Structure formats: structure tokens, C-alpha cells
>>> print(open('my_file07.tsv').read())   # TSV, N, CA and C atoms
chain	number	residue	atom	x	y	z
A	1	MET	N	0.85	30.04	-25.34
A	1	MET	CA	2.12	29.76	-24.69
A	1	MET	C	1.94	29.51	-23.20
A	2	SER	N	1.06	30.29	-22.56
A	2	SER	CA	0.87	30.12	-21.12
A	2	SER	C	0.18	28.80	-20.80
A	3	LYS	N	-0.63	28.27	-21.71
A	3	LYS	CA	-1.26	26.97	-21.49
A	3	LYS	C	-0.22	25.87	-21.44
A	4	ILE	N	0.78	25.97	-22.31
A	4	ILE	CA	1.83	24.96	-22.35
A	4	ILE	C	2.67	25.02	-21.07
A	5	VAL	N	2.96	26.23	-20.59
A	5	VAL	CA	3.73	26.38	-19.36
A	5	VAL	C	2.95	25.82	-18.17
A	6	CYS	N	1.65	26.11	-18.11
A	6	CYS	CA	0.81	25.58	-17.03
A	6	CYS	C	0.73	24.06	-17.08
A	7	LEU	N	0.61	23.51	-18.27
A	7	LEU	CA	0.55	22.05	-18.42
A	7	LEU	C	1.86	21.41	-17.98
A	8	MET	N	2.98	21.99	-18.37
A	8	MET	CA	4.28	21.45	-17.96
A	8	MET	C	4.46	21.54	-16.45
A	9	ALA	N	4.02	22.64	-15.84
A	9	ALA	CA	4.12	22.79	-14.39
A	9	ALA	C	3.24	21.77	-13.68
A	10	ALA	N	2.04	21.54	-14.21
A	10	ALA	CA	1.14	20.55	-13.60
A	10	ALA	C	1.73	19.15	-13.69
A	11	LEU	N	2.33	18.80	-14.82
A	11	LEU	CA	2.97	17.49	-14.95
A	11	LEU	C	4.17	17.34	-14.03
A	12	LEU	N	4.91	18.40	-13.85
A	12	LEU	CA	6.06	18.38	-12.94
A	12	LEU	C	5.61	18.16	-11.50
A	13	VAL	N	4.56	18.84	-11.09
A	13	VAL	CA	4.02	18.68	-9.73
A	13	VAL	C	3.48	17.27	-9.55
A	14	LEU	N	2.77	16.74	-10.55
A	14	LEU	CA	2.22	15.39	-10.47
A	14	LEU	C	3.33	14.35	-10.34
A	15	ALA	N	4.39	14.50	-11.11
A	15	ALA	CA	5.49	13.54	-11.05
A	15	ALA	C	6.26	13.66	-9.74
A	16	SER	N	6.40	14.86	-9.20
A	16	SER	CA	7.19	15.03	-7.99
A	16	SER	C	6.48	14.52	-6.75
A	17	CYS	N	5.16	14.49	-6.74
A	17	CYS	CA	4.46	14.02	-5.55
A	17	CYS	C	4.25	12.51	-5.55
A	18	GLY	N	4.60	11.83	-6.63
A	18	GLY	CA	4.48	10.38	-6.67
A	18	GLY	C	3.09	9.88	-7.01
A	19	ALA	N	2.20	10.73	-7.45
A	19	ALA	CA	0.83	10.31	-7.75
A	19	ALA	C	0.77	9.40	-8.96
A	20	ASP	N	1.79	9.41	-9.79
A	20	ASP	CA	1.78	8.55	-10.96
A	20	ASP	C	2.46	7.20	-10.68
A	21	GLY	N	2.93	6.96	-9.48
A	21	GLY	CA	3.62	5.72	-9.13
A	21	GLY	C	2.66	4.62	-8.71
A	22	GLU	N	3.21	3.61	-8.06
A	22	GLU	CA	2.39	2.50	-7.61
A	22	GLU	C	1.48	2.95	-6.48
A	23	PRO	N	0.25	2.48	-6.49
A	23	PRO	CA	-0.66	2.86	-5.40
A	23	PRO	C	-0.34	2.10	-4.12
A	24	ILE	N	-0.75	2.65	-3.02
A	24	ILE	CA	-0.62	1.96	-1.73
A	24	ILE	C	-1.77	0.97	-1.64
A	25	ARG	N	-1.45	-0.30	-1.39
A	25	ARG	CA	-2.47	-1.34	-1.38
A	25	ARG	C	-2.62	-1.93	0.00
A	26	PRO	N	-3.85	-2.01	0.50
A	26	PRO	CA	-4.07	-2.66	1.79
A	26	PRO	C	-3.95	-4.18	1.64
A	27	THR	N	-3.48	-4.82	2.70
A	27	THR	CA	-3.38	-6.28	2.70
A	27	THR	C	-4.08	-6.83	3.94
A	28	PHE	N	-4.57	-8.04	3.83
A	28	PHE	CA	-5.26	-8.70	4.94
A	28	PHE	C	-4.96	-10.18	4.87
A	29	GLY	N	-4.68	-10.77	6.00
A	29	GLY	CA	-4.42	-12.20	6.06
A	29	GLY	C	-5.09	-12.81	7.28
A	30	ALA	N	-5.53	-14.05	7.15
A	30	ALA	CA	-6.17	-14.75	8.27
A	30	ALA	C	-5.72	-16.21	8.24
A	31	GLY	N	-5.64	-16.80	9.41
A	31	GLY	CA	-5.24	-18.20	9.49
A	31	GLY	C	-5.79	-18.86	10.73
A	32	VAL	N	-5.95	-20.17	10.63
A	32	VAL	CA	-6.42	-20.98	11.76
A	32	VAL	C	-5.41	-22.09	11.96
A	33	ASN	N	-4.89	-22.21	13.18
A	33	ASN	CA	-3.95	-23.28	13.52
A	33	ASN	C	-4.59	-24.21	14.52
A	34	VAL	N	-4.51	-25.50	14.24
A	34	VAL	CA	-5.05	-26.51	15.15
A	34	VAL	C	-3.88	-27.35	15.64
A	35	SER	N	-3.73	-27.43	16.96
A	35	SER	CA	-2.66	-28.23	17.54
A	35	SER	C	-3.20	-28.96	18.76
A	36	SER	N	-2.32	-29.69	19.42
A	36	SER	CA	-2.76	-30.45	20.60
A	36	SER	C	-3.14	-29.51	21.75
A	37	SER	N	-2.66	-28.27	21.72
A	37	SER	CA	-3.00	-27.33	22.79
A	37	SER	C	-4.26	-26.51	22.47
A	38	GLY	N	-4.86	-26.73	21.32
A	38	GLY	CA	-6.11	-26.04	21.01
A	38	GLY	C	-6.11	-25.41	19.63
A	39	VAL	N	-7.12	-24.59	19.40
A	39	VAL	CA	-7.29	-23.91	18.13
A	39	VAL	C	-6.91	-22.44	18.31
A	40	HIS	N	-6.09	-21.94	17.40
A	40	HIS	CA	-5.65	-20.55	17.47
A	40	HIS	C	-5.99	-19.85	16.16
A	41	VAL	N	-6.60	-18.67	16.27
A	41	VAL	CA	-6.95	-17.89	15.10
A	41	VAL	C	-6.04	-16.67	15.06
A	42	GLY	N	-5.50	-16.38	13.89
A	42	GLY	CA	-4.63	-15.22	13.74
A	42	GLY	C	-5.01	-14.41	12.53
A	43	THR	N	-4.85	-13.11	12.63
A	43	THR	CA	-5.11	-12.23	11.51
A	43	THR	C	-3.98	-11.20	11.41
A	44	SER	N	-3.84	-10.63	10.23
A	44	SER	CA	-2.88	-9.54	10.05
A	44	SER	C	-3.45	-8.55	9.06
A	45	VAL	N	-3.15	-7.29	9.29
A	45	VAL	CA	-3.54	-6.22	8.38
A	45	VAL	C	-2.31	-5.37	8.10
A	46	GLY	N	-2.28	-4.79	6.93
A	46	GLY	CA	-1.13	-3.96	6.60
A	46	GLY	C	-1.32	-3.21	5.31
A	47	VAL	N	-0.24	-2.58	4.88
A	47	VAL	CA	-0.21	-1.85	3.61
A	47	VAL	C	1.07	-2.18	2.89
A	48	SER	N	1.03	-2.12	1.56
A	48	SER	CA	2.24	-2.33	0.78
A	48	SER	C	2.30	-1.34	-0.36
A	49	LYS	N	3.51	-0.93	-0.66
A	49	LYS	CA	3.76	-0.05	-1.80
A	49	LYS	C	5.08	-0.46	-2.40
A	50	GLY	N	5.00	-1.01	-3.59
A	50	GLY	CA	6.22	-1.50	-4.24
A	50	GLY	C	6.85	-2.62	-3.43
A	51	PRO	N	8.16	-2.57	-3.18
A	51	PRO	CA	8.81	-3.63	-2.45
A	51	PRO	C	8.70	-3.50	-0.93
A	52	ILE	N	8.05	-2.46	-0.44
A	52	ILE	CA	7.94	-2.22	1.01
A	52	ILE	C	6.56	-2.58	1.49
A	53	SER	N	6.48	-3.36	2.56
A	53	SER	CA	5.18	-3.61	3.18
A	53	SER	C	5.32	-3.61	4.69
A	54	VAL	N	4.26	-3.14	5.32
A	54	VAL	CA	4.19	-3.05	6.78
A	54	VAL	C	2.90	-3.73	7.20
A	55	SER	N	3.00	-4.65	8.16
A	55	SER	CA	1.80	-5.34	8.62
A	55	SER	C	1.84	-5.51	10.14
A	56	VAL	N	0.65	-5.69	10.70
A	56	VAL	CA	0.49	-5.89	12.13
A	56	VAL	C	-0.33	-7.15	12.33
A	57	GLY	N	0.18	-8.07	13.13
A	57	GLY	CA	-0.56	-9.28	13.45
A	57	GLY	C	-1.45	-9.07	14.66
A	58	LEU	N	-2.65	-9.57	14.57
A	58	LEU	CA	-3.61	-9.42	15.67
A	58	LEU	C	-3.97	-10.78	16.23
>>> encode(input="my_file07.tsv", output="C-alpha cells")
Amino acid sequence: MSKIVCLMAALLVLASCGADGEPIRPTFGAGVNVSSSGVHVGTSVGVSKGPISVSVGL
């Protein structure tokens, strides 16, 4: 009986902390723009989880 209670408690803790949800994924982007004023290189790094993403352009 105590094994079942411990298993249920462990599953409850796992579900409450979000460990069974979508993982946080790193993102990376790079681009090169060529115009009459020269060549510009841009990069961005960030993270996304589900519909939310945060990125920083460098």
C-alpha cells in the first residue's frame, strides 16, 4: 500500500513541476543583408517553450 502512495505522490510532484510538458528549446538565427550601404550581418539567440519565445538580436 505504501508503494502505491509513494508512486502517486511522485507522479503528482512530477506533474506539478511541469517536467512532463514541452521542453525549453534554444533557438538561433543568422542573416546577411547586402545593400548599397554595405554588408550587414545579424544574429539572434533565444529560447522557446510552447507558444512563448524570447530572443535577443546581436
>>> atom_distance(input="my_file07.tsv", atom1="atom N of Asn33 in chain A", atom2="atom N of Gly57 in chain A")
15.0 Å
>>> closest_residue(input="my_file07.tsv", among="A:Ala10, A:Ile24, A:Ile4, A:Ala30", to="Pro51 in chain A", atoms="only C-alpha atoms")
A:Ile24
>>> atom_distance(input="my_file07.tsv", atom1="CA of Ser36 in chain A", atom2="CA of Leu58 in chain A")
21.6 Å
>>> atom_distance(input="my_file07.tsv", atom1="atom C of Val41 in chain A", atom2="atom C of Gly29 in chain A")
8.7 Å
>>> residues_around(input="my_file07.tsv", residues="Lys49 in chain A", least_positions_apart="4", cutoff="8 Å", atoms="all atoms listed in the file", output="PyMOL selection string")
chain A and resi 22-26+53-54
>>> residues_around(input="my_file07.tsv", residues="Ser55 in chain A", least_positions_apart="6", cutoff="8 Å", atoms="only N, CA and C atoms", output="PyMOL selection string")
chain A and resi 27+44-48
>>> residues_around(input="my_file07.tsv", residues="Val32 in chain A", least_positions_apart="3", cutoff="8 Å", atoms="all atoms listed in the file", output="list in words")
Ser35, Val39, His40, Val41, Gly42 and Thr43 of chain A
>>> write_last_selection(input="my_file07.tsv", atoms="N, CA and C atoms", output="PDB file, in the frame of the given file")
ATOM      1  N   SER A  35      -3.730 -27.430  16.960  1.00  0.00           N
ATOM      2  CA  SER A  35      -2.660 -28.230  17.540  1.00  0.00           C
ATOM      3  C   SER A  35      -3.200 -28.960  18.760  1.00  0.00           C
ATOM      4  N   VAL A  39      -7.120 -24.590  19.400  1.00  0.00           N
ATOM      5  CA  VAL A  39      -7.290 -23.910  18.130  1.00  0.00           C
ATOM      6  C   VAL A  39      -6.910 -22.440  18.310  1.00  0.00           C
ATOM      7  N   HIS A  40      -6.090 -21.940  17.400  1.00  0.00           N
ATOM      8  CA  HIS A  40      -5.650 -20.550  17.470  1.00  0.00           C
ATOM      9  C   HIS A  40      -5.990 -19.850  16.160  1.00  0.00           C
ATOM     10  N   VAL A  41      -6.600 -18.670  16.270  1.00  0.00           N
ATOM     11  CA  VAL A  41      -6.950 -17.890  15.100  1.00  0.00           C
ATOM     12  C   VAL A  41      -6.040 -16.670  15.060  1.00  0.00           C
ATOM     13  N   GLY A  42      -5.500 -16.380  13.890  1.00  0.00           N
ATOM     14  CA  GLY A  42      -4.630 -15.220  13.740  1.00  0.00           C
ATOM     15  C   GLY A  42      -5.010 -14.410  12.530  1.00  0.00           C
ATOM     16  N   THR A  43      -4.850 -13.110  12.630  1.00  0.00           N
ATOM     17  CA  THR A  43      -5.110 -12.230  11.510  1.00  0.00           C
ATOM     18  C   THR A  43      -3.980 -11.200  11.410  1.00  0.00           C
TER      19      THR A  43
END
>>> axis_aligned_box(input="my_file07.tsv", around="range 37-53 of chain A", padding_each_side="6 Å", output="AutoDock Vina command-line options")
--center_x 0.8 --center_y -14.2 --center_z 9.3 --size_x 28.1 --size_y 40.2 --size_z 39.0
